Amino acid sequence: MYVDDMLVVTFDPKLTMDAIGKLYRLKEGLVGPLERYLGANIKRVQLPDGTMACGIGADEYVNNALVTVKVILESEGMKLKGKASKPLPNGYRPEMNVSPECNAVMTQRNQAYIGILHWALEMGRVDIVLEVSLMSSFNALPREGHLEALYHMFAYLAKADRHLIVFEALSPDLKLSSMVASDWTDFSGDVSEAIPPKMPKPRGNPVNTTCFVDANHAGNLVTRRSQTWILIFVMKSPIVWYSKRQNTVETSTFGSEFVAMRQATELIEAFRYKLRMFGIPIDGPTRVYGDNGAVISNSLIPTSTLTKKHNAICYHRVRDAVAAGTTAIGKVHTGYNLADLFTKQLSPERRYHLLQCITYQTKR
């Protein structure tokens with residue numbers, strides 16, 4: 001296998017690179033501290049306690065994307081809006097857009113813009129996850145109004161504060177409701193979390209994982225499907241963010257929230273498997289926080305029964321993970337649920353408050 005880039009993460013990277021340099025010719029002047037990775041900017045950040053941490057951001061990528069979009073608009077006698085405080089215009093609902101369908105050229109342009117925005121959010125621009133998810137639903141056959149909304153999103157990126165995902169080794173300080181410890185033996189038997197049989201030997205200090213989950217019941221005005229958002233932290237670092245329209249139409253908030261909790265459970269199980277296969281030890285169950293009291297109670301109390309047959313699969317799926325010790329579920333007030341940012345379009349002030357809890361923000 002031939003590669004032109006190599007990322008070495010170790011206490012003494014020079015030792016590794018010198019050993020490689022004895023076998024292969026390394027480009028002079030290109031061996032040094034990591035500054036870019038897959039298009040993202042890598043920065044060293046000093047935390048409030050004085051320690052240094054590594055952060056990842058999409059500043060340069062977004063700037064280059066803005067140059068590309070502005071050149072295209074200027075060639076057509078247009079320009080980006082001067083100010084956009086939110087990724088989408090106030091009250092804009094893409095599913096209600098009835099403007100003319102885009103021709104083949106504009107459809108391809110819409111798809112290219114969605115791809116650019118997708119990569120930006122993968123590199124840490126979590127402030128546009130919901131909006132990119134909503135607009136992606138119309139990627140196959142967009143309308144002219146959808147393309148205009150994407151231009152509005154680029155205008156927002158041009159003026160918004162920069163966001164940096166910082167990888168902190170500290171445990172999160174969560175002042176939330178306590179987890180309820182229950183004995184599930186009589187209901188689920190002596191069950192435990194499935195551990196990969198051939199995983200590597202765990203190394204280093206164990207990490208804890210935390211998840212926030214929420215759903216916007218019947219948020220789509222045309223299909224009345226709900227939107228799920230899931231945010232998973234390792235220590236204090238956001239690692240997984242997920243916003244997607246649910247596959248079923250739920251007739252109640254309880255139903256949509258339980259579907260979201262089931263989706264979160266499956267993501268958590270896959271994520272814990274991945275960490276273990278990396279040789280990373282995990283400290284206890286993943287703490288999962290939601291804001292629906294009925295869902296929390298039905299997930300935690302072994303003696304609870306579900307009368308809604310439609311939600312029975314999600315109900316048992318979530319409870320099995322709790323009984324096995326994979327997850328521990330607690331309630332968080334809606335005002336403090338970080339996942340609220342990615343299930344509905346909020347005011348700029350509310351967005352800014354929640355984003356401060358997820359990313360490091362720096363002024364332009």
# chains A, B, ... in the order shown; residues from 1 in each chain; ligands from 1

$ select_by_dssp --residues "range 98-336 of chain A" --states "strand (DSSP E)" --output "PyMOL selection string"
chain A and resi 162-167+209-216+227-234+237-245+286-290+327-331

$ closest_atom_pairs --of "range 216-331 of chain A" --to "range 118-127 of chain A" --cutoff "12 Å" --atoms "only C-alpha atoms" --output "tab-separated table"
residue	atom	partner	partner_atom	distance
A:Trp229	CA	A:Val126	CA	11.5
A:Ile230	CA	A:Val126	CA	11.7
A:Leu231	CA	A:Val126	CA	10.0
A:Ser237	CA	A:Gly124	CA	11.1
A:Pro238	CA	A:Gly124	CA	9.1
A:Ile239	CA	A:Gly124	CA	9.3
A:Val240	CA	A:Glu122	CA	9.4
A:Trp241	CA	A:Val126	CA	7.5
A:Tyr242	CA	A:Val126	CA	9.6
A:Ser243	CA	A:Val126	CA	10.2

$ write_last_selection --atoms "N, CA and C atoms" --output "PDB file, in the first residue's frame"
ATOM      1  N   TRP A 229     -32.735  13.587  17.239  1.00  0.00           N
ATOM      2  CA  TRP A 229     -31.373  14.091  17.391  1.00  0.00           C
ATOM      3  C   TRP A 229     -30.694  13.353  18.521  1.00  0.00           C
ATOM      4  N   ILE A 230     -29.453  12.951  18.294  1.00  0.00           N
ATOM      5  CA  ILE A 230     -28.655  12.235  19.286  1.00  0.00           C
ATOM      6  C   ILE A 230     -27.262  12.848  19.326  1.00  0.00           C
ATOM      7  N   LEU A 231     -26.763  13.085  20.525  1.00  0.00           N
ATOM      8  CA  LEU A 231     -25.428  13.649  20.708  1.00  0.00           C
ATOM      9  C   LEU A 231     -24.691  12.807  21.737  1.00  0.00           C
ATOM     10  N   SER A 237     -15.965  15.656  25.302  1.00  0.00           N
ATOM     11  CA  SER A 237     -15.814  15.922  23.870  1.00  0.00           C
ATOM     12  C   SER A 237     -16.973  15.334  23.073  1.00  0.00           C
ATOM     13  N   PRO A 238     -17.693  16.141  22.291  1.00  0.00           N
ATOM     14  CA  PRO A 238     -18.733  15.592  21.411  1.00  0.00           C
ATOM     15  C   PRO A 238     -18.103  14.797  20.280  1.00  0.00           C
ATOM     16  N   ILE A 239     -18.523  13.549  20.129  1.00  0.00           N
ATOM     17  CA  ILE A 239     -17.912  12.658  19.137  1.00  0.00           C
ATOM     18  C   ILE A 239     -18.916  12.242  18.064  1.00  0.00           C
ATOM     19  N   VAL A 240     -20.146  11.968  18.452  1.00  0.00           N
ATOM     20  CA  VAL A 240     -21.168  11.519  17.502  1.00  0.00           C
ATOM     21  C   VAL A 240     -22.345  12.490  17.555  1.00  0.00           C
ATOM     22  N   TRP A 241     -22.741  13.026  16.399  1.00  0.00           N
ATOM     23  CA  TRP A 241     -23.957  13.828  16.323  1.00  0.00           C
ATOM     24  C   TRP A 241     -24.812  13.297  15.182  1.00  0.00           C
ATOM     25  N   TYR A 242     -26.107  13.192  15.461  1.00  0.00           N
ATOM     26  CA  TYR A 242     -27.013  12.481  14.556  1.00  0.00           C
ATOM     27  C   TYR A 242     -28.343  13.221  14.529  1.00  0.00           C
ATOM     28  N   SER A 243     -28.797  13.596  13.348  1.00  0.00           N
ATOM     29  CA  SER A 243     -30.106  14.222  13.186  1.00  0.00           C
ATOM     30  C   SER A 243     -30.748  13.637  11.935  1.00  0.00           C
TER      31      SER A 243
END

$ closest_residue --among "A:Thr343, A:Thr68, A:Ser304, A:Gln361" --to "Trp184 in chain A" --atoms "only C-alpha atoms"
A:Ser304

$ residues_around --residues "Ser256 in chain A" --least-positions-apart "6" --cutoff "7 Å" --atoms "only C-alpha atoms" --output "JSON, numbers by chain"
{"A": [215, 217, 226, 250]}

$ closest_residue --among "A:Asp12, A:Met6, A:Tyr151, A:Ala140" --to "Met78 in chain A" --atoms "only C-alpha atoms"
A:Tyr151

$ residues_around --residues "range 349-358 of chain A" --least-positions-apart "5" --cutoff "10 Å" --atoms "only C-alpha atoms" --output "ChimeraX atom specification"
/A:85-86,126-127,161,163-166,231,233,236-238,335-342

$ write_last_selection --atoms "C-alpha atoms" --output "PDB file, in the first residue's frame"
ATOM      1  CA  SER A  85     -28.420  35.036  12.117  1.00  0.00           C
ATOM      2  CA  LYS A  86     -29.653  31.461  11.587  1.00  0.00           C
ATOM      3  CA  VAL A 126     -22.587  21.002  14.539  1.00  0.00           C
ATOM      4  CA  ASP A 127     -24.567  24.262  14.414  1.00  0.00           C
ATOM      5  CA  ASP A 161     -18.717  32.612  14.973  1.00  0.00           C
ATOM      6  CA  HIS A 163     -16.716  26.518  16.148  1.00  0.00           C
ATOM      7  CA  LEU A 164     -14.007  24.220  17.441  1.00  0.00           C
ATOM      8  CA  ILE A 165     -14.478  20.667  18.702  1.00  0.00           C
ATOM      9  CA  VAL A 166     -11.973  20.306  21.546  1.00  0.00           C
ATOM     10  CA  LEU A 231     -25.428  13.649  20.708  1.00  0.00           C
ATOM     11  CA  PHE A 233     -19.829  12.611  24.303  1.00  0.00           C
ATOM     12  CA  LYS A 236     -16.334  16.284  27.621  1.00  0.00           C
ATOM     13  CA  SER A 237     -15.814  15.922  23.870  1.00  0.00           C
ATOM     14  CA  PRO A 238     -18.733  15.592  21.411  1.00  0.00           C
ATOM     15  CA  GLY A 335     -34.149  23.805  28.798  1.00  0.00           C
ATOM     16  CA  TYR A 336     -30.872  21.935  29.422  1.00  0.00           C
ATOM     17  CA  ASN A 337     -31.228  19.168  26.858  1.00  0.00           C
ATOM     18  CA  LEU A 338     -28.385  19.788  24.412  1.00  0.00           C
ATOM     19  CA  ALA A 339     -30.158  17.701  21.788  1.00  0.00           C
ATOM     20  CA  ASP A 340     -32.894  20.350  21.640  1.00  0.00           C
ATOM     21  CA  LEU A 341     -30.604  22.332  19.334  1.00  0.00           C
ATOM     22  CA  PHE A 342     -30.862  19.735  16.587  1.00  0.00           C
TER      23      PHE A 342
END

$ closest_residue --among "A:Met96, A:Ile195, A:Leu267, A:Met106" --to "Val222 in chain A" --atoms "only C-alpha atoms"
A:Met96

$ residues_around --residues "Gly219 in chain A" --least-positions-apart "3" --cutoff "12 Å" --atoms "only C-alpha atoms" --output "PyMOL selection string"
chain A and resi 93-95+130+134+215-216+222-228+244-246+249-253+256+342-345

$ write_last_selection --atoms "C-alpha atoms" --output "PDB file, in the first residue's frame"
ATOM      1  CA  ARG A  93     -40.043  24.962   6.080  1.00  0.00           C
ATOM      2  CA  PRO A  94     -38.373  23.189   3.136  1.00  0.00           C
ATOM      3  CA  GLU A  95     -41.161  20.604   2.893  1.00  0.00           C
ATOM      4  CA  LEU A 130     -30.405  19.905  11.661  1.00  0.00           C
ATOM      5  CA  LEU A 134     -33.695  18.856   6.476  1.00  0.00           C
ATOM      6  CA  ALA A 215     -37.303  14.178  19.209  1.00  0.00           C
ATOM      7  CA  ASN A 216     -39.436  16.821  17.516  1.00  0.00           C
ATOM      8  CA  VAL A 222     -46.258  17.222   5.082  1.00  0.00           C
ATOM      9  CA  THR A 223     -45.487  13.677   6.260  1.00  0.00           C
ATOM     10  CA  ARG A 224     -45.846  14.378  10.013  1.00  0.00           C
ATOM     11  CA  ARG A 225     -42.746  12.332  10.711  1.00  0.00           C
ATOM     12  CA  SER A 226     -40.654  13.301  13.698  1.00  0.00           C
ATOM     13  CA  GLN A 227     -37.001  14.360  13.759  1.00  0.00           C
ATOM     14  CA  THR A 228     -34.537  12.509  16.014  1.00  0.00           C
ATOM     15  CA  LYS A 244     -32.506  12.300  10.982  1.00  0.00           C
ATOM     16  CA  ARG A 245     -36.189  12.044  10.179  1.00  0.00           C
ATOM     17  CA  GLN A 246     -37.834   8.970  11.691  1.00  0.00           C
ATOM     18  CA  VAL A 249     -45.332   8.348  11.755  1.00  0.00           C
ATOM     19  CA  GLU A 250     -45.835   8.408  15.516  1.00  0.00           C
ATOM     20  CA  THR A 251     -49.222   9.441  16.852  1.00  0.00           C
ATOM     21  CA  SER A 252     -47.907  10.770  20.168  1.00  0.00           C
ATOM     22  CA  THR A 253     -44.923  12.561  21.644  1.00  0.00           C
ATOM     23  CA  SER A 256     -41.596   9.617  18.845  1.00  0.00           C
ATOM     24  CA  PHE A 342     -30.862  19.735  16.587  1.00  0.00           C
ATOM     25  CA  THR A 343     -34.531  18.775  16.547  1.00  0.00           C
ATOM     26  CA  LYS A 344     -36.101  22.180  15.945  1.00  0.00           C
ATOM     27  CA  GLN A 345     -35.116  25.587  14.649  1.00  0.00           C
TER      28      GLN A 345
END

$ atom_distance --atom1 "CA of Lys43 in chain A" --atom2 "CA of Ile116 in chain A"
21.7 Å

$ select_by_dssp --residues "range 262-346 of chain A" --states "helix (DSSP H, G or I)" --output "VMD selection string"
chain A and resid 262 to 277 293 to 300 309 to 323 334 to 336 338 to 342

$ write_last_selection --atoms "N, CA and C atoms" --output "tab-separated table (two decimals), in the first residue's frame"
chain	number	residue	atom	x	y	z
A	262	ARG	N	-34.73	4.47	21.32
A	262	ARG	CA	-34.28	3.20	20.75
A	262	ARG	C	-33.15	3.43	19.75
A	263	GLN	N	-33.25	4.46	18.93
A	263	GLN	CA	-32.18	4.77	17.99
A	263	GLN	C	-30.89	5.13	18.73
A	264	ALA	N	-31.03	5.88	19.83
A	264	ALA	CA	-29.86	6.23	20.62
A	264	ALA	C	-29.21	4.98	21.22
A	265	THR	N	-30.03	4.06	21.69
A	265	THR	CA	-29.51	2.82	22.26
A	265	THR	C	-28.68	2.04	21.25
A	266	GLU	N	-29.18	1.94	20.04
A	266	GLU	CA	-28.45	1.20	19.01
A	266	GLU	C	-27.15	1.91	18.61
A	267	LEU	N	-27.18	3.24	18.54
A	267	LEU	CA	-25.96	3.98	18.25
A	267	LEU	C	-24.93	3.81	19.37
A	268	ILE	N	-25.40	3.83	20.60
A	268	ILE	CA	-24.51	3.68	21.75
A	268	ILE	C	-23.85	2.31	21.75
A	269	GLU	N	-24.62	1.28	21.49
A	269	GLU	CA	-24.06	-0.08	21.47
A	269	GLU	C	-22.98	-0.20	20.40
A	270	ALA	N	-23.25	0.35	19.22
A	270	ALA	CA	-22.25	0.30	18.14
A	270	ALA	C	-21.01	1.12	18.51
A	271	PHE	N	-21.23	2.25	19.16
A	271	PHE	CA	-20.12	3.12	19.52
A	271	PHE	C	-19.25	2.49	20.61
A	272	ARG	N	-19.87	1.86	21.60
A	272	ARG	CA	-19.11	1.19	22.66
A	272	ARG	C	-18.31	0.02	22.08
A	273	TYR	N	-18.88	-0.68	21.11
A	273	TYR	CA	-18.15	-1.75	20.43
A	273	TYR	C	-16.91	-1.19	19.74
A	274	LYS	N	-17.08	-0.07	19.06
A	274	LYS	CA	-15.96	0.54	18.34
A	274	LYS	C	-14.86	0.96	19.30
A	275	LEU	N	-15.22	1.59	20.42
A	275	LEU	CA	-14.21	2.01	21.40
A	275	LEU	C	-13.42	0.81	21.91
A	276	ARG	N	-14.13	-0.26	22.22
A	276	ARG	CA	-13.45	-1.45	22.75
A	276	ARG	C	-12.52	-2.07	21.71
A	277	MET	N	-12.93	-2.04	20.44
A	277	MET	CA	-12.08	-2.60	19.40
A	277	MET	C	-10.88	-1.70	19.12
A	293	GLY	N	-40.62	12.53	30.64
A	293	GLY	CA	-40.73	11.78	31.88
A	293	GLY	C	-41.33	10.40	31.70
A	294	ALA	N	-42.33	10.25	30.83
A	294	ALA	CA	-42.97	8.95	30.63
A	294	ALA	C	-42.00	7.94	30.03
A	295	VAL	N	-41.20	8.37	29.08
A	295	VAL	CA	-40.21	7.48	28.46
A	295	VAL	C	-39.17	7.06	29.48
A	296	ILE	N	-38.71	8.01	30.30
A	296	ILE	CA	-37.71	7.70	31.31
A	296	ILE	C	-38.24	6.68	32.30
A	297	SER	N	-39.47	6.88	32.79
A	297	SER	CA	-40.06	5.97	33.78
A	297	SER	C	-40.23	4.57	33.21
A	298	ASN	N	-40.75	4.48	31.99
A	298	ASN	CA	-40.97	3.17	31.38
A	298	ASN	C	-39.66	2.46	31.07
A	299	SER	N	-38.58	3.19	30.92
A	299	SER	CA	-37.29	2.59	30.62
A	299	SER	C	-36.57	2.11	31.86
A	300	LEU	N	-36.85	2.74	33.01
A	300	LEU	CA	-36.08	2.48	34.22
A	300	LEU	C	-36.74	1.54	35.21
A	309	LYS	N	-49.16	-1.04	22.15
A	309	LYS	CA	-48.50	-2.14	21.46
A	309	LYS	C	-47.61	-1.64	20.33
A	310	HIS	N	-47.97	-0.53	19.72
A	310	HIS	CA	-47.22	-0.02	18.58
A	310	HIS	C	-45.77	0.28	18.96
A	311	ASN	N	-45.54	0.70	20.20
A	311	ASN	CA	-44.19	1.07	20.64
A	311	ASN	C	-43.49	-0.04	21.42
A	312	ALA	N	-44.05	-1.26	21.40
A	312	ALA	CA	-43.52	-2.33	22.24
A	312	ALA	C	-42.08	-2.71	21.89
A	313	ILE	N	-41.73	-2.71	20.61
A	313	ILE	CA	-40.38	-3.12	20.22
A	313	ILE	C	-39.36	-2.12	20.75
A	314	CYS	N	-39.62	-0.83	20.56
A	314	CYS	CA	-38.71	0.19	21.08
A	314	CYS	C	-38.62	0.08	22.60
A	315	TYR	N	-39.76	-0.15	23.22
A	315	TYR	CA	-39.84	-0.25	24.68
A	315	TYR	C	-38.92	-1.36	25.21
A	316	HIS	N	-39.02	-2.55	24.64
A	316	HIS	CA	-38.20	-3.67	25.11
A	316	HIS	C	-36.74	-3.52	24.71
A	317	ARG	N	-36.49	-2.91	23.56
A	317	ARG	CA	-35.11	-2.71	23.12
A	317	ARG	C	-34.36	-1.80	24.08
A	318	VAL	N	-34.99	-0.73	24.50
A	318	VAL	CA	-34.37	0.23	25.41
A	318	VAL	C	-34.18	-0.39	26.78
A	319	ARG	N	-35.20	-1.10	27.28
A	319	ARG	CA	-35.14	-1.69	28.61
A	319	ARG	C	-34.08	-2.79	28.69
A	320	ASP	N	-33.91	-3.56	27.62
A	320	ASP	CA	-32.89	-4.61	27.62
A	320	ASP	C	-31.49	-4.02	27.79
A	321	ALA	N	-31.24	-2.87	27.16
A	321	ALA	CA	-29.93	-2.23	27.29
A	321	ALA	C	-29.71	-1.72	28.71
A	322	VAL	N	-30.77	-1.22	29.34
A	322	VAL	CA	-30.66	-0.77	30.73
A	322	VAL	C	-30.40	-1.95	31.65
A	323	ALA	N	-31.13	-3.06	31.43
A	323	ALA	CA	-30.96	-4.25	32.26
A	323	ALA	C	-29.55	-4.84	32.12
A	334	THR	N	-36.02	20.18	29.78
A	334	THR	CA	-35.99	20.53	28.36
A	334	THR	C	-35.04	21.69	28.09
A	335	GLY	N	-35.00	22.65	29.00
A	335	GLY	CA	-34.15	23.80	28.80
A	335	GLY	C	-32.68	23.49	28.80
A	336	TYR	N	-32.28	22.32	29.34
A	336	TYR	CA	-30.87	21.94	29.42
A	336	TYR	C	-30.54	20.73	28.54
A	338	LEU	N	-29.20	19.30	25.52
A	338	LEU	CA	-28.38	19.79	24.41
A	338	LEU	C	-28.92	19.34	23.06
A	339	ALA	N	-29.62	18.21	23.05
A	339	ALA	CA	-30.16	17.70	21.79
A	339	ALA	C	-31.29	18.57	21.26
A	340	ASP	N	-31.81	19.47	22.07
A	340	ASP	CA	-32.89	20.35	21.64
A	340	ASP	C	-32.44	21.22	20.47
A	341	LEU	N	-31.14	21.48	20.39
A	341	LEU	CA	-30.60	22.33	19.33
A	341	LEU	C	-30.80	21.73	17.95
A	342	PHE	N	-30.91	20.40	17.87
A	342	PHE	CA	-30.86	19.74	16.59
A	342	PHE	C	-32.15	19.00	16.23

$ residues_around --residues "range 59-63 of chain A" --least-positions-apart "6" --cutoff "7 Å" --atoms "only C-alpha atoms" --output "ChimeraX atom specification"
/A:39-41,120,162

$ write_last_selection --atoms "N, CA and C atoms" --output "PDB file, in the first residue's frame"
ATOM      1  N   GLY A  39      -8.772  17.805   5.564  1.00  0.00           N
ATOM      2  CA  GLY A  39      -9.347  19.112   5.265  1.00  0.00           C
ATOM      3  C   GLY A  39      -9.671  19.956   6.471  1.00  0.00           C
ATOM      4  N   ALA A  40      -9.571  19.396   7.668  1.00  0.00           N
ATOM      5  CA  ALA A  40      -9.901  20.129   8.886  1.00  0.00           C
ATOM      6  C   ALA A  40      -8.652  20.776   9.475  1.00  0.00           C
ATOM      7  N   ASN A  41      -8.848  21.900  10.149  1.00  0.00           N
ATOM      8  CA  ASN A  41      -7.760  22.565  10.859  1.00  0.00           C
ATOM      9  C   ASN A  41      -7.590  21.961  12.243  1.00  0.00           C
ATOM     10  N   ALA A 120     -18.528  19.914   6.079  1.00  0.00           N
ATOM     11  CA  ALA A 120     -18.279  20.945   7.092  1.00  0.00           C
ATOM     12  C   ALA A 120     -18.803  20.509   8.457  1.00  0.00           C
ATOM     13  N   ARG A 162     -16.856  31.113  14.713  1.00  0.00           N
ATOM     14  CA  ARG A 162     -16.207  29.846  14.392  1.00  0.00           C
ATOM     15  C   ARG A 162     -16.428  28.849  15.530  1.00  0.00           C
TER      16      ARG A 162
END

$ closest_residue --among "A:Lys201, A:Tyr24, A:Pro302, A:His333" --to "Phe278 in chain A" --atoms "only C-alpha atoms"
A:Lys201

$ residues_around --residues "Arg143 in chain A" --least-positions-apart "3" --cutoff "10 Å" --atoms "only C-alpha atoms" --output "PDB file with N, CA and C atoms, in the first residue's frame"
ATOM      1  N   PRO A  94     -38.699  23.680   4.484  1.00  0.00           N
ATOM      2  CA  PRO A  94     -38.373  23.189   3.136  1.00  0.00           C
ATOM      3  C   PRO A  94     -39.428  22.267   2.556  1.00  0.00           C
ATOM      4  N   ASN A  97     -42.100  24.141   0.509  1.00  0.00           N
ATOM      5  CA  ASN A  97     -41.660  24.927  -0.635  1.00  0.00           C
ATOM      6  C   ASN A  97     -42.289  24.391  -1.923  1.00  0.00           C
ATOM      7  N   VAL A  98     -42.968  25.258  -2.670  1.00  0.00           N
ATOM      8  CA  VAL A  98     -43.652  24.851  -3.913  1.00  0.00           C
ATOM      9  C   VAL A  98     -43.118  25.629  -5.102  1.00  0.00           C
ATOM     10  N   SER A  99     -41.894  26.157  -4.988  1.00  0.00           N
ATOM     11  CA  SER A  99     -41.298  26.871  -6.107  1.00  0.00           C
ATOM     12  C   SER A  99     -40.999  25.894  -7.247  1.00  0.00           C
ATOM     13  N   PRO A 100     -40.690  26.380  -8.452  1.00  0.00           N
ATOM     14  CA  PRO A 100     -40.412  25.491  -9.600  1.00  0.00           C
ATOM     15  C   PRO A 100     -39.249  24.546  -9.323  1.00  0.00           C
ATOM     16  N   GLU A 101     -39.314  23.360  -9.903  1.00  0.00           N
ATOM     17  CA  GLU A 101     -38.230  22.393  -9.742  1.00  0.00           C
ATOM     18  C   GLU A 101     -36.984  22.869 -10.477  1.00  0.00           C
ATOM     19  N   CYS A 102     -35.824  22.531  -9.932  1.00  0.00           N
ATOM     20  CA  CYS A 102     -34.554  22.921 -10.541  1.00  0.00           C
ATOM     21  C   CYS A 102     -34.309  22.118 -11.817  1.00  0.00           C
ATOM     22  N   ASN A 103     -33.639  22.739 -12.774  1.00  0.00           N
ATOM     23  CA  ASN A 103     -33.227  21.993 -13.953  1.00  0.00           C
ATOM     24  C   ASN A 103     -32.022  21.132 -13.613  1.00  0.00           C
ATOM     25  N   MET A 106     -28.925  23.090 -12.118  1.00  0.00           N
ATOM     26  CA  MET A 106     -29.146  23.585 -10.768  1.00  0.00           C
ATOM     27  C   MET A 106     -29.321  22.442  -9.764  1.00  0.00           C
ATOM     28  N   THR A 107     -29.849  21.322 -10.205  1.00  0.00           N
ATOM     29  CA  THR A 107     -29.948  20.151  -9.327  1.00  0.00           C
ATOM     30  C   THR A 107     -28.559  19.662  -8.939  1.00  0.00           C
ATOM     31  N   ASN A 110     -27.107  22.076  -6.458  1.00  0.00           N
ATOM     32  CA  ASN A 110     -27.701  21.858  -5.129  1.00  0.00           C
ATOM     33  C   ASN A 110     -27.051  20.665  -4.433  1.00  0.00           C
ATOM     34  N   PHE A 138     -34.334  16.719   0.122  1.00  0.00           N
ATOM     35  CA  PHE A 138     -34.786  17.144  -1.211  1.00  0.00           C
ATOM     36  C   PHE A 138     -33.630  17.173  -2.197  1.00  0.00           C
ATOM     37  N   ASN A 139     -32.597  16.399  -1.913  1.00  0.00           N
ATOM     38  CA  ASN A 139     -31.391  16.423  -2.737  1.00  0.00           C
ATOM     39  C   ASN A 139     -31.619  15.802  -4.112  1.00  0.00           C
ATOM     40  N   ALA A 140     -32.518  14.831  -4.206  1.00  0.00           N
ATOM     41  CA  ALA A 140     -32.750  14.153  -5.478  1.00  0.00           C
ATOM     42  C   ALA A 140     -33.495  15.037  -6.471  1.00  0.00           C
ATOM     43  N   HIS A 146     -35.256  25.752  -2.538  1.00  0.00           N
ATOM     44  CA  HIS A 146     -34.291  24.996  -1.734  1.00  0.00           C
ATOM     45  C   HIS A 146     -32.873  25.493  -1.988  1.00  0.00           C
ATOM     46  N   LEU A 147     -32.565  25.801  -3.237  1.00  0.00           N
ATOM     47  CA  LEU A 147     -31.237  26.310  -3.562  1.00  0.00           C
ATOM     48  C   LEU A 147     -31.021  27.682  -2.919  1.00  0.00           C
ATOM     49  N   GLU A 148     -32.051  28.504  -2.905  1.00  0.00           N
ATOM     50  CA  GLU A 148     -31.949  29.812  -2.252  1.00  0.00           C
ATOM     51  C   GLU A 148     -31.711  29.651  -0.753  1.00  0.00           C
TER      52      GLU A 148
END

$ closest_residue --among "A:Thr359, A:Pro285, A:Phe154, A:Glu28" --to "Lys79 in chain A" --atoms "only C-alpha atoms"
A:Phe154

$ closest_residue --among "A:Gly279, A:Pro202, A:Pro172, A:Gly82" --to "Ala158 in chain A" --atoms "only C-alpha atoms"
A:Gly82

$ atom_distance --atom1 "CA of Phe212 in chain A" --atom2 "CA of Tyr37 in chain A"
27.5 Å

$ atom_distance --atom1 "CA of Gly325 in chain A" --atom2 "CA of Ile301 in chain A"
13.9 Å
